[in-house]
Structures are given as C-alpha cells and as structure tokens.
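Coordinates as given in upload-v2.cif (mmCIF, C-alpha atoms):
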```cif
data_upload
#
loop_
_atom_site.label_atom_id
_atom_site.label_comp_id
_atom_site.auth_asym_id
_atom_site.auth_seq_id
_atom_site.Cartn_x
_atom_site.Cartn_y
_atom_site.Cartn_z
CA MET A 1 138.42 101.36 57.85
CA ASN A 2 136.80 101.99 54.47
CA ILE A 3 134.28 104.54 55.72
CA PRO A 4 133.29 106.98 52.96
CA LYS A 5 133.90 110.69 53.40
CA THR A 6 130.83 112.74 54.18
CA GLU A 7 129.67 116.31 54.47
CA TYR A 8 127.76 115.38 57.61
CA PRO A 9 129.24 115.26 61.12
CA ARG A 10 130.71 111.83 61.84
CA ILE A 11 129.65 110.26 65.13
CA VAL A 12 131.69 107.23 66.18
CA LEU A 13 129.98 105.00 68.74
CA VAL A 14 132.05 102.34 70.52
CA GLY A 15 129.97 99.57 72.08
CA GLY A 16 126.77 97.78 71.12
CA GLY A 17 125.43 97.16 74.61
CA PHE A 18 122.31 98.62 76.20
CA ALA A 19 123.53 102.23 76.11
CA GLY A 20 124.98 102.10 72.61
CA ILE A 21 121.97 100.42 71.02
CA ALA A 22 119.54 102.78 72.78
CA LEU A 23 121.42 105.75 71.32
CA ALA A 24 121.90 104.34 67.83
CA LYS A 25 118.22 103.42 67.37
CA ARG A 26 117.23 107.06 67.90
CA MET A 27 119.64 108.41 65.27
CA LYS A 28 117.41 107.53 62.34
CA GLY A 29 116.86 110.48 60.01
CA LEU A 30 119.47 112.76 61.62
CA PRO A 31 121.95 114.49 59.29
CA VAL A 32 124.97 112.56 60.59
CA GLN A 33 127.18 109.68 59.63
CA LEU A 34 127.03 107.11 62.43
CA VAL A 35 129.84 104.56 62.72
CA VAL A 36 129.21 101.77 65.25
CA ILE A 37 132.23 99.77 66.41
CA ASP A 38 132.12 96.60 68.51
CA ARG A 39 134.40 93.60 68.87
CA GLN A 40 131.30 91.38 68.68
CA ASN A 41 128.80 91.48 65.85
CA TYR A 42 125.89 90.95 68.22
CA HIS A 43 124.14 92.59 71.15
CA ASN A 44 124.34 90.44 74.27
CA PHE A 45 121.48 90.50 76.79
CA GLN A 46 123.66 90.19 79.88
CA PRO A 47 120.91 89.77 82.53
CA LEU A 48 120.22 86.27 81.20
CA LEU A 49 123.82 85.11 80.85
CA TYR A 50 123.48 83.03 83.99
CA GLN A 51 120.76 80.95 82.28
CA VAL A 52 123.16 80.16 79.44
CA SER A 53 125.83 79.09 81.94
CA THR A 54 123.38 76.76 83.73
CA GLY A 55 121.81 75.19 80.64
CA GLY A 56 118.48 76.99 80.73
CA LEU A 57 118.93 78.83 77.43
CA GLU A 58 121.04 78.53 74.32
CA PRO A 59 123.28 81.54 73.61
CA ASP A 60 121.48 82.56 70.42
CA SER A 61 118.35 83.13 72.54
CA ILE A 62 119.91 86.14 74.26
CA ALA A 63 121.99 87.55 71.39
CA TYR A 64 120.94 89.52 68.33
CA PRO A 65 122.99 90.81 65.35
CA ILE A 66 123.84 94.49 65.67
CA ARG A 67 123.45 94.99 61.93
CA LYS A 68 119.91 93.62 62.12
CA ILE A 69 118.99 95.79 65.10
CA LEU A 70 120.11 98.91 63.23
CA LYS A 71 119.10 97.87 59.70
CA ARG A 72 116.69 100.81 59.34
CA LEU A 73 119.49 103.35 59.77
CA ASP A 74 120.63 104.36 56.28
CA ASN A 75 123.32 106.60 57.75
CA MET A 76 124.93 103.81 59.83
CA TYR A 77 128.15 101.89 59.18
CA PHE A 78 128.98 98.94 61.42
CA ARG A 79 132.58 97.80 61.82
CA TRP A 80 133.54 94.57 63.56
CA ALA A 81 136.67 95.78 65.30
CA GLU A 82 138.23 96.14 68.72
CA ALA A 83 138.82 99.68 69.96
CA GLU A 84 142.37 100.04 71.30
CA SER A 85 142.94 103.69 72.21
CA VAL A 86 141.77 107.26 71.74
CA ASP A 87 143.69 110.34 70.64
CA PRO A 88 141.30 113.17 71.64
CA ALA A 89 143.73 115.89 70.53
CA ARG A 90 143.59 114.63 66.93
CA GLY A 91 140.03 113.38 67.08
CA VAL A 92 141.10 109.82 66.24
CA LEU A 93 140.01 106.40 67.49
CA ARG A 94 142.49 103.56 66.99
CA THR A 95 141.24 100.01 66.47
CA ASP A 96 142.80 96.70 65.52
CA LYS A 97 141.50 97.32 61.99
CA GLY A 98 142.88 100.83 61.60
CA GLU A 99 142.19 104.43 62.62
CA ILE A 100 139.06 106.48 62.18
CA THR A 101 138.54 110.21 62.68
CA TYR A 102 135.47 111.59 64.36
CA ASP A 103 133.60 114.82 64.98
CA TYR A 104 131.92 113.32 68.04
CA LEU A 105 133.01 110.20 69.92
CA ILE A 106 130.61 108.27 72.15
CA LEU A 107 132.06 105.62 74.43
CA ALA A 108 129.68 102.90 75.61
CA THR A 109 132.35 100.31 76.36
CA GLY A 110 130.76 99.06 79.57
CA THR A 111 132.77 97.14 82.13
CA ARG A 112 135.21 94.28 82.47
CA THR A 113 135.75 91.89 85.36
CA ASN A 114 137.51 93.39 88.37
CA TYR A 115 139.66 90.92 90.31
CA PHE A 116 140.86 93.59 92.75
CA GLY A 117 144.49 92.69 92.11
CA ASN A 118 144.04 88.98 92.87
CA ASP A 119 146.14 87.37 90.14
CA GLN A 120 145.18 83.82 91.09
CA MET A 121 141.52 84.60 90.70
CA ARG A 122 142.19 86.19 87.34
CA ASP A 123 144.09 83.10 86.21
CA PHE A 124 141.91 80.29 87.57
CA ALA A 125 138.39 81.52 88.44
CA LEU A 126 135.77 81.78 85.70
CA PRO A 127 134.22 85.18 84.96
CA MET A 128 130.78 85.62 83.42
CA LYS A 129 130.63 88.81 81.35
CA THR A 130 130.26 87.40 77.84
CA ILE A 131 128.52 84.53 76.06
CA PRO A 132 131.77 82.57 75.51
CA GLN A 133 132.49 82.88 79.24
CA ALA A 134 129.00 81.64 80.10
CA LEU A 135 129.54 78.65 77.80
CA ASN A 136 132.85 77.98 79.55
CA ILE A 137 131.02 77.74 82.87
CA ARG A 138 128.39 75.42 81.39
CA SER A 139 130.99 73.15 79.80
CA LEU A 140 133.21 73.00 82.88
CA ALA A 141 130.30 72.25 85.23
CA LEU A 142 129.04 69.39 83.06
CA GLN A 143 132.55 68.06 82.42
CA ASN A 144 133.25 67.93 86.15
CA LEU A 145 130.02 66.05 86.81
CA GLU A 146 130.90 63.56 84.09
CA GLU A 147 134.33 63.10 85.66
CA ALA A 148 132.77 62.71 89.10
CA GLU A 149 130.80 59.72 87.74
CA TYR A 150 133.91 57.58 87.30
CA THR A 151 136.41 58.89 89.86
CA GLU A 152 137.03 56.58 92.81
CA ASP A 153 138.59 59.25 95.00
CA GLN A 154 135.84 60.54 97.29
CA ALA A 155 137.65 63.81 98.10
CA GLU A 156 138.20 64.48 94.40
CA ARG A 157 134.55 63.68 93.66
CA ARG A 158 133.38 66.21 96.23
CA ALA A 159 135.73 68.83 94.76
CA LEU A 160 134.30 68.20 91.30
CA MET A 161 130.79 68.69 92.70
CA ASN A 162 131.57 71.77 94.77
CA PHE A 163 130.50 75.06 93.14
CA CYS A 164 132.00 78.17 94.73
CA ILE A 165 130.60 81.53 93.61
CA ILE A 166 132.48 84.64 94.67
CA GLY A 167 130.22 87.68 95.04
CA ALA A 168 126.59 87.77 96.22
CA GLY A 169 125.36 90.59 94.04
CA PRO A 170 122.48 89.98 91.59
CA THR A 171 124.61 87.85 89.25
CA GLY A 172 126.02 85.68 92.03
CA VAL A 173 122.64 85.21 93.71
CA GLU A 174 120.93 84.27 90.45
CA LEU A 175 123.73 81.87 89.52
CA ALA A 176 123.68 80.19 92.94
CA GLY A 177 119.92 79.77 92.76
CA ALA A 178 120.13 78.28 89.26
CA PHE A 179 122.75 75.70 90.30
CA ALA A 180 120.66 74.83 93.35
CA GLU A 181 117.66 74.17 91.10
CA LEU A 182 119.82 71.93 88.89
CA LYS A 183 120.89 69.98 91.97
CA ARG A 184 117.30 69.57 93.13
CA HIS A 185 115.42 68.85 89.90
CA VAL A 186 117.76 67.99 87.01
CA PHE A 187 121.03 66.36 88.02
CA PRO A 188 119.41 63.52 90.05
CA ARG A 189 117.74 62.32 86.83
CA ASP A 190 120.82 62.80 84.65
CA TYR A 191 123.29 61.23 87.07
CA LYS A 192 121.30 58.42 88.67
CA HIS A 193 124.36 56.61 89.98
CA LEU A 194 126.01 59.71 91.44
CA ALA A 195 125.31 60.98 94.95
CA VAL A 196 124.09 64.36 93.73
CA ASP A 197 123.01 65.25 97.25
CA GLU A 198 126.74 65.68 98.00
CA MET A 199 126.89 68.58 95.54
CA GLU A 200 127.61 71.87 97.30
CA ILE A 201 126.87 75.46 96.29
CA ASN A 202 128.92 77.92 98.32
CA LEU A 203 128.26 81.65 97.94
CA PHE A 204 130.88 84.07 99.30
CA GLU A 205 130.29 87.77 100.01
CA GLY A 206 132.59 90.32 101.63
CA ALA A 207 129.67 92.44 102.88
CA ASP A 208 127.41 91.53 105.78
CA ARG A 209 124.44 90.61 103.57
CA VAL A 210 123.60 89.26 100.13
CA LEU A 211 122.47 91.68 97.40
CA PRO A 212 124.25 94.71 98.95
CA PRO A 213 122.99 97.11 96.23
CA MET A 214 119.35 96.30 96.98
CA SER A 215 117.12 96.94 99.98
CA GLU A 216 117.32 95.18 103.34
CA THR A 217 114.01 93.50 102.55
CA ALA A 218 115.32 92.10 99.26
CA SER A 219 118.51 90.97 100.98
CA ARG A 220 116.67 89.17 103.76
CA LYS A 221 114.19 87.46 101.47
CA SER A 222 116.82 86.41 98.94
CA ARG A 223 118.93 84.89 101.72
CA GLU A 224 115.91 82.94 102.96
CA PHE A 225 115.21 81.70 99.43
CA LEU A 226 118.83 80.64 98.87
CA GLU A 227 119.09 78.82 102.17
CA SER A 228 115.80 76.99 101.48
CA LEU A 229 117.44 75.73 98.27
CA GLY A 230 120.46 74.48 100.17
CA VAL A 231 122.95 77.19 99.22
CA ARG A 232 125.65 77.76 101.84
CA ILE A 233 126.17 81.49 102.33
CA HIS A 234 129.42 82.88 103.73
CA LEU A 235 129.06 86.57 104.64
CA ASP A 236 131.84 88.91 105.77
CA THR A 237 134.14 86.54 103.92
CA PHE A 238 136.91 87.49 101.51
CA VAL A 239 138.57 84.93 99.27
CA ASP A 240 142.35 84.96 99.46
CA THR A 241 143.73 82.38 97.02
CA TYR A 242 142.60 79.80 94.48
CA ASP A 243 145.01 77.61 92.55
CA GLY A 244 142.46 75.77 90.43
CA ARG A 245 141.69 73.18 93.10
CA LEU A 246 141.99 74.71 96.57
CA LEU A 247 140.19 77.91 97.58
CA THR A 248 141.21 79.63 100.81
CA THR A 249 139.57 82.57 102.56
CA LYS A 250 141.32 85.34 104.45
CA ASP A 251 140.13 83.87 107.75
CA GLY A 252 141.90 80.58 106.97
CA ARG A 253 139.09 78.32 105.79
CA GLU A 254 139.74 75.95 102.88
CA PHE A 255 137.38 74.63 100.18
CA ARG A 256 138.39 71.98 97.66
CA THR A 257 136.61 72.89 94.44
CA ALA A 258 137.04 72.47 90.70
CA ASN A 259 134.33 75.06 90.00
CA CYS A 260 135.12 78.62 91.05
CA ILE A 261 133.09 81.43 89.47
CA TRP A 262 133.96 85.09 90.00
CA THR A 263 131.08 87.59 90.08
CA ALA A 264 132.51 89.90 92.74
CA GLY A 265 132.94 93.13 90.84
CA VAL A 266 133.55 95.09 87.68
CA THR A 267 135.68 98.01 86.60
CA GLY A 268 135.24 100.39 83.69
CA ALA A 269 136.49 99.12 80.33
CA LEU A 270 138.66 102.18 79.74
CA LEU A 271 140.43 102.93 76.51
CA PRO A 272 143.95 104.39 76.83
CA GLY A 273 144.34 108.03 75.85
CA PHE A 274 142.63 109.96 78.64
CA PRO A 275 144.58 111.75 81.40
CA GLU A 276 144.03 110.90 85.08
CA GLY A 277 141.74 113.87 85.61
CA SER A 278 139.21 112.34 83.22
CA THR A 279 138.83 109.07 85.08
CA ASP A 280 137.91 107.81 88.53
CA SER A 281 140.82 105.73 89.80
CA ARG A 282 138.70 103.59 92.14
CA THR A 283 136.02 102.48 89.68
CA GLY A 284 137.85 102.89 86.38
CA ARG A 285 134.97 104.96 84.97
CA LEU A 286 135.12 108.12 82.89
CA LEU A 287 134.04 111.26 84.74
CA VAL A 288 131.23 112.97 82.85
CA ASP A 289 129.15 116.09 83.39
CA GLU A 290 125.35 116.25 83.41
CA LEU A 291 125.39 116.13 79.60
CA ASN A 292 127.48 112.92 79.57
CA ARG A 293 130.51 114.81 78.22
CA VAL A 294 133.85 113.42 79.36
CA ARG A 295 135.54 115.90 81.68
CA GLY A 296 137.81 118.19 79.68
CA TYR A 297 136.52 117.22 76.21
CA GLY A 298 133.64 118.92 74.42
CA SER A 299 133.29 116.34 71.64
CA VAL A 300 133.75 113.11 73.62
CA PHE A 301 130.82 111.55 75.49
CA ALA A 302 130.46 108.45 77.67
CA ILE A 303 127.24 106.62 78.51
CA GLY A 304 126.24 103.54 80.47
CA ASP A 305 128.47 101.64 82.86
CA ILE A 306 131.67 103.39 81.74
CA ALA A 307 130.26 106.82 82.67
CA LEU A 308 130.46 108.22 86.20
CA MET A 309 128.08 111.16 86.62
CA ARG A 310 128.02 112.50 90.17
CA THR A 311 124.81 114.20 91.23
CA ASP A 312 123.19 115.15 94.53
CA ASP A 313 121.03 112.02 94.40
CA TYR A 314 123.87 109.80 93.14
CA PRO A 315 127.15 111.11 94.58
CA GLU A 316 128.95 107.88 93.57
CA GLY A 317 127.38 107.78 90.12
CA HIS A 318 124.39 105.90 88.78
CA PRO A 319 124.12 102.14 89.35
CA GLN A 320 125.80 100.02 86.70
CA MET A 321 122.61 98.41 85.47
CA ALA A 322 120.60 98.34 82.27
CA GLN A 323 118.13 101.12 83.10
CA PRO A 324 120.66 103.96 83.56
CA ALA A 325 122.42 102.82 80.39
CA LEU A 326 119.21 102.77 78.35
CA GLN A 327 118.11 106.16 79.64
CA GLN A 328 121.52 107.78 79.09
CA GLY A 329 121.72 106.41 75.55
CA ALA A 330 118.28 107.72 74.59
CA HIS A 331 118.88 111.06 76.30
CA LEU A 332 122.23 111.65 74.61
CA ALA A 333 120.67 110.88 71.22
CA ASP A 334 118.09 113.60 71.86
CA ASN A 335 120.84 115.96 73.00
CA LEU A 336 122.87 115.33 69.85
CA GLU A 337 119.81 116.23 67.80
CA ARG A 338 119.51 119.47 69.80
CA LEU A 339 123.21 120.15 69.26
CA LEU A 340 122.93 119.68 65.50
CA LYS A 341 119.98 122.08 65.41
CA GLY A 342 121.86 124.72 67.41
CA ARG A 343 119.71 124.30 70.50
CA GLU A 344 120.83 123.97 74.10
CA MET A 345 121.41 120.45 75.38
CA GLN A 346 119.48 119.32 78.46
CA PRO A 347 120.97 117.71 81.59
CA PHE A 348 120.37 114.02 82.22
CA ASN A 349 117.91 113.10 84.97
CA TYR A 350 117.77 109.43 85.93
CA LYS A 351 114.33 107.96 86.65
CA ASP A 352 114.74 104.99 89.00
CA LYS A 353 112.32 102.29 87.88
CA GLY A 354 113.49 99.81 90.50
CA SER A 355 115.67 96.72 90.54
CA MET A 356 115.10 93.00 90.83
CA ALA A 357 116.78 89.61 91.09
CA THR A 358 115.54 86.05 90.74
CA ILE A 359 116.69 83.23 92.98
CA GLY A 360 114.87 80.28 91.47
CA ARG A 361 111.51 78.78 90.65
CA ASN A 362 108.76 81.07 92.00
CA LYS A 363 111.38 83.01 93.95
CA ALA A 364 112.48 86.58 93.20
CA VAL A 365 112.80 89.95 94.89
CA VAL A 366 111.78 93.34 93.54
CA ASP A 367 112.67 96.81 94.78
CA LEU A 368 110.37 99.55 93.54
CA PRO A 369 110.58 103.17 94.71
CA GLY A 370 108.94 103.04 98.14
CA TYR A 371 107.89 99.39 97.92
CA GLN A 372 109.72 96.06 98.17
CA PHE A 373 108.36 92.52 97.89
CA GLY A 374 109.38 88.98 97.00
CA GLY A 375 108.01 85.57 96.10
CA PHE A 376 105.87 84.38 93.19
CA ALA A 377 104.56 87.84 92.19
CA ALA A 378 108.10 89.21 92.07
CA TRP A 379 109.23 86.18 90.06
CA PHE A 380 106.43 86.67 87.53
CA ILE A 381 107.25 90.38 87.14
CA TRP A 382 110.94 89.55 86.73
CA MET A 383 110.12 87.09 83.93
CA PHE A 384 107.76 89.46 82.13
CA ILE A 385 110.14 92.44 82.18
CA HIS A 386 113.14 90.41 81.05
CA LEU A 387 111.12 88.75 78.31
CA MET A 388 109.87 92.08 76.97
CA SER A 389 113.37 93.57 77.17
CA LEU A 390 114.91 90.99 74.84
CA VAL A 391 115.80 92.24 71.38
CA GLY A 392 113.97 90.55 68.51
CA PHE A 393 110.61 88.80 68.26
CA ARG A 394 112.24 85.41 67.66
CA ASN A 395 114.27 85.65 70.85
CA LYS A 396 111.18 86.55 72.86
CA VAL A 397 109.30 83.53 71.49
CA VAL A 398 112.19 81.10 71.97
CA VAL A 399 112.88 82.23 75.54
CA PHE A 400 109.18 82.15 76.43
CA PHE A 401 108.74 78.56 75.23
CA ASN A 402 111.99 77.52 76.93
CA TRP A 403 110.76 78.95 80.21
CA VAL A 404 107.35 77.28 79.87
CA TYR A 405 109.01 73.94 79.05
CA ASN A 406 111.45 74.27 81.96
CA TYR A 407 108.66 75.20 84.36
CA ILE A 408 106.36 72.32 83.40
CA ASN A 409 109.05 69.64 83.16
CA TYR A 410 111.44 70.81 85.87
CA ASP A 411 114.10 70.59 83.18
CA LYS A 412 116.81 72.61 81.44
CA ALA A 413 117.36 71.28 77.97
CA ALA A 414 120.62 72.98 76.96
CA ARG A 415 122.90 70.70 79.01
CA LEU A 416 125.42 70.33 76.20
CA ILE A 417 129.21 70.22 76.18
CA VAL A 418 129.48 71.76 72.73
CA ARG A 419 133.14 72.63 73.09
CA PRO A 420 135.07 71.15 76.03
CA PHE A 421 136.70 73.72 78.27
CA THR A 422 140.18 73.37 79.76
CA LYS A 423 141.27 75.63 82.56
CA LYS A 424 144.23 77.77 81.68
CA LYS A 425 145.48 81.25 82.38
CA ARG A 426 143.49 83.80 80.47
CA LYS A 427 144.12 87.37 79.48
CA GLU A 428 141.08 89.62 79.29
CA THR A 429 140.99 92.24 76.59
CA GLN A 430 141.04 95.88 77.56
CA TYR A 431 137.71 96.61 75.90
CA ALA A 432 134.78 94.58 77.16
CA GLY A 433 132.56 95.46 74.21
CA LYS A 434 129.46 96.21 76.25
#
```

Let me see the structure of the file written as structure tokens.
Amino acid sequence: MNIPKTEYPRIVLVGGGFAGIALAKRMKGLPVQLVVIDRQNYHNFQPLLYQVSTGGLEPDSIAYPIRKILKRLDNMYFRWAEAESVDPARGVLRTDKGEITYDYLILATGTRTNYFGNDQMRDFALPMKTIPQALNIRSLALQNLEEAEYTEDQAERRALMNFCIIGAGPTGVELAGAFAELKRHVFPRDYKHLAVDEMEINLFEGADRVLPPMSETASRKSREFLESLGVRIHLDTFVDTYDGRLLTTKDGREFRTANCIWTAGVTGALLPGFPEGSTDSRTGRLLVDELNRVRGYGSVFAIGDIALMRTDDYPEGHPQMAQPALQQGAHLADNLERLLKGREMQPFNYKDKGSMATIGRNKAVVDLPGYQFGGFAAWFIWMFIHLMSLVGFRNKVVVFFNWVYNYINYDKAARLIVRPFTKKKRKETQYAGK
C-alpha cells in the first residue's frame, strides 16, 4: 500500500466516521505512524442523511474530505481502500488495494443495514446508510411523482405516491416527518395538476410505540406530531414481503407502493478473521473490554457502533449513536498515549448527554438525563446541536442558510434528479465504512 517503513509504532485505523475521526484528531504530535483506511474519501454526517434524501440539503453540505479534516497530522497516511479481512495472528489487515501490517489495529467500521434475513427487503427496499443511498431515495421519489403526473391508471398513481417507511426509530420518524412536510408545503406547488392530497406516508414499527430507544414522553409526543402531519402509523406491525410493488404485513394487510424505505435496523459491519468468541452473534458487534480491546486480542481495538462493551449501566452495550462513538474515539486516543508512555490505560465511562429527534417544522423531541420535552424549543436545540456538530466552517454556513431559506419560504431547493435511479437487486459491501 506504499506506506513507508517507520521506527514508530504503526496504528492502522479502519473507518472515518464519528469514532474514527474523533480518535485521529487527537493523535497529533504522538510518536506513531497513523494509517487511516476508508472506502470513501469523505466523512459523512449521517444524522442529516434524511435531509439529503428529501431534497432539503445537497450531499456536499454534510460531507467533508477526510484528508482535509486530518491535514494537520504530519504522521498520518490516508488510503482510499476497502478493508476486507483481518489476520490478527500475523498482525495484518487485508484490503482491496493490498495488505498492511500493524502494531495496533483500531476498527471503527460502524454498521450496515440489517434486513433480519428478509431477502425481498434486501433486494427491493431502499436503505439509507450512505450518501449514494440517500440520493437514490431522492431520485426515486421524484421520478415516481413525475410518472404519477402522466399515468392514467388511478391504482398505479396511488402506488407511485405511497411512501412506506419500515422502522420508526429516529431515522424513520425523521424521514416520515420530512416527506409529510413535502406533501404539505412543497409538492402542491410543484405538481399543481396532481392530486397531492392522495399521497400517503405509512410508517411501520414492530414495537408498540414509535422511537422505542427514547423515553415514553418522546414517543408519545413524536406520535402526536406525526399524526398531525398526516402520517399513518402502524404499530405492532411486521412487514413480511415486498416485491417492488406490493408490500404485505405478517397480519395479512397489503399496500401497493413504489417507494419502500428500510430503516428498521443495523448490524455490525464485521470484518472476517475473528473467531465466534470475539463477536456477539445477535448484533454482529465485536465484544470489547472496558478499554475497548477486542476480546482475546491485546493489540486490536474497536470503537463506536461496531464495539459492544457490556457494563452494569449498559448490559446490552452503549447505544449506537454519535455520542458514544465520539467519546470512545477520544478516550482511546488518550489511552494510546498512556500506553506509549508506559502508563496504565483507564477504563471508558460513557457520559449520557441525551438524545433527540426532529419530526418536522417546529417539532422535535429531546431526552435529557432526568428531563424530557418537545415542541419548538426542542426543535431549536436539535438544529443548533446538529449545526455545530457538522465538520467544516463552509458546511455549517451552507446548512444554516439552507435551513433559513427553507423555513422562510416553506421550500426545499434540492429537488433534483441528478442521476435517475432504477430499482434492481443490490449487494451491500461487507464493510460499511462508518
């Protein structure tokens, strides 16, 4: 991979997501050679992917080049490559561009979409984990509305205008709310001769409430917000089949739809090479100790969504969100510095700063430790935190002005079919690159 030999310890980091970037940024000045590997050359701000898929933002507003983020690290080498497997016994990482040896390996590979063994959903439903996938959703939604303009078959028109979202976690709730806002404020102006009021947004959830990871208060308020926007919520409902046109649930109901989006779950983006005892079979995550070391390996670490650290407070591991990833990345960087200086590493202690989700204009819910609320104040806090969390000053400015423009004009300007999307069976790569 054309990495020069060095007298310093070589740390290979796989993944330029929240955890990986948080770690890499704190490696400046350490006597190490840091090699960062990702199959994308940019960091993707996943919490705002749904705004790309619904035309609120352009993709370059939520992405930032990894090389530019880490440009101040003189000891860093970035390689645009896809990690394929690990050989811990030899201390080797295999990629599609060749092998690289390491002294310490840090896996921050994140997650990939989990279809729970439903092959039809994998083949025909649209996931939303990456920017290209978000653009696929945007293109398909707009293409179907264009097709609905000239079809004379009423049943086909309703299918083209029916949006079915599987999974009512934060991503599904935010996506449903965004489509509902398009139906209310944008599409009636764009498609003046189309009965946009016939457009449906159906949200399916296998649990008995929306936003299962959040508080009862957040769940109740978010459901009220969604229903006020006209979203049809189907709780205690599991989707059985979808052939690209007809969606059926396990209780026998049928929905004709040309727009099926899967946000129902994720699984760890594991790399082959680890024995069963190192992974959790249910979640696909690597089992790590309180120092983020992979079970059974002293020189291999895992951070972020791929890491499952069981503690008394989190017996099923930390939530797969940005905050645990950021904190684990920063903490492991500090621990590596201690390790290099011959000092004892410190256990990781997660500080829960709360969680939030937005449902639409002036509508959001926030869970803080000991306090939950929703409405305009929650929506404003959601916007501020996400804006400040974006990487790069330019991105912050662009997103801010987009949001102001959208708010004043009830508009979303990025309604572009840049590259038409055609449904076909897709094969997801093993490594999600998060």

For Ile3 in chain A, please output as a PDB file with C-alpha atoms, in the frame of the given file all residues within 10 Å (counting only C-alpha atoms; exclusion window: fewer than 5 positions along the same chain).
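What ended up in around.pdb:
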```pdb
ATOM      1  CA  GLN A  33     127.180 109.680  59.630  1.00  0.00           C
ATOM      2  CA  VAL A  35     129.840 104.560  62.720  1.00  0.00           C
ATOM      3  CA  TYR A  77     128.150 101.890  59.180  1.00  0.00           C
ATOM      4  CA  PHE A  78     128.980  98.940  61.420  1.00  0.00           C
ATOM      5  CA  ARG A  79     132.580  97.800  61.820  1.00  0.00           C
ATOM      6  CA  ILE A 100     139.060 106.480  62.180  1.00  0.00           C
ATOM      7  CA  THR A 101     138.540 110.210  62.680  1.00  0.00           C
TER       8      THR A 101
END
```

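Each of A:Lys423, A:Thr257, A:Ser299, A:Leu13 was checked against Leu339 in chain A using all atoms listed in the file; the smallest atom-to-atom distance is that of A:Ser299.
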
Correct to one decimal, the distance CA of Thr263 in chain A-CA of Pro127 in chain A is 6.5 Å

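When CA of Gln46 in chain A is paired with CA of Leu142 in chain A, their separation reads 21.7 Å.
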
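Of the listed residues (A:Asp312, A:Glu198, A:Glu205, A:Asp289), A:Glu205 comes nearest to Thr237 in chain A; the distances count all atoms listed in the file.
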
Determine, counting only C-alpha atoms, which protein, DNA and RNA residues have an atom within 12 Å of an atom of range 85-96 of chain A; residues of the same chain fewer than 4 positions away are not included. Present the result as a ChimeraX atom specification. /A:1,10-14,35-39,79-81,100-107,109,269-275,278,294-301,430-431

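Evaluated against the shown file, the PyMOL selection byres ((chain A and resi 45) around 7) gives His43, Asn44, Gln46, Pro47, Leu48, Ile62, Ala63 and Leu390 of chain A.
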
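With all atoms listed in the file as the atoms that count, the minimum distance from Gly177 in chain A to the choices A:Ile165, A:Ile381, A:Ala125, A:Ala195 is reached by A:Ile165.
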
Explicit residue set for the PyMOL selection byres ((chain A and resi 253) around 12), as a PyMOL selection string: chain A and resi 204+234+237-242+246-252+254-256

Rounded to one decimal, what separation in Å do you get between CA of Leu182 in chain A and CA of Gly206 in chain A? 25.8 Å

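Residue nearest Gln143 in chain A within the list A:Leu194, A:Met128, A:Leu175, A:Leu160: A:Leu160 [criterion: smallest interatomic distance, all atoms listed in the file].
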
Is there a way to get, as a CSV table (one decimal) with C-alpha atoms, keeping the file's coordinate frame, all residues within 10 Å of the point (127.8, 71.7, 99.3) in file coordinates, counting all atoms listed in the file?
```
chain,number,residue,atom,x,y,z
A,158,ARG,CA,133.4,66.2,96.2
A,159,ALA,CA,135.7,68.8,94.8
A,161,MET,CA,130.8,68.7,92.7
A,162,ASN,CA,131.6,71.8,94.8
A,163,PHE,CA,130.5,75.1,93.1
A,164,CYS,CA,132.0,78.2,94.7
A,180,ALA,CA,120.7,74.8,93.4
A,196,VAL,CA,124.1,64.4,93.7
A,197,ASP,CA,123.0,65.2,97.2
A,198,GLU,CA,126.7,65.7,98.0
A,199,MET,CA,126.9,68.6,95.5
A,200,GLU,CA,127.6,71.9,97.3
A,201,ILE,CA,126.9,75.5,96.3
A,202,ASN,CA,128.9,77.9,98.3
A,230,GLY,CA,120.5,74.5,100.2
A,231,VAL,CA,123.0,77.2,99.2
A,232,ARG,CA,125.6,77.8,101.8
```

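For the residues A:Met214, A:Ala330, A:Tyr191, A:Asp236, ranking by smallest atom-to-atom distance to Tyr150 in chain A using all atoms listed in the file places A:Tyr191 first.
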
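The closest residue to Lys412 in chain A, picked from A:Ala134, A:Ile66, A:Val186, A:Ala22 and counting all atoms listed in the file, is A:Val186.
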
Find the residues near Gly29 in chain A: any atom within 9 Å, counting only C-alpha atoms, skip ones fewer than 3 places away on the same chain, and give them as a ChimeraX atom specification. /A:26,32,73-75

Please evaluate the PyMOL selection byres ((chain A and resi 319-327) around 8) against the structure above and give the resulting residues as a ChimeraX atom specification. /A:18-19,22-23,303-305,317-318,328-331,350,352-353

How big is the axis-aligned box around all listed atoms of range 295-313 of chain A once 3 Å goes on each side, and where's its centre, in Å to one decimal, as JSON?
```
{"center_x": 129.4, "center_y": 110.3, "center_z": 83.1, "size_x": 22.8, "size_y": 23.3, "size_z": 28.9}
```

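For Gln372 in chain A, the non-local neighbours within 8 Å, defined as residues at least 6 positions apart in the same chain or in other chains and counting only C-alpha atoms, are Ser215, Thr217, Ala218, Val365 and Val366 of chain A.
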
So which residues touch Phe124 in chain A within 12 Å, counting only C-alpha atoms, skipping near sequence neighbours fewer than 3 positions away, as a VMD selection string? chain A and resid 115 118 to 121 127 241 to 247 257 to 262 422 to 427
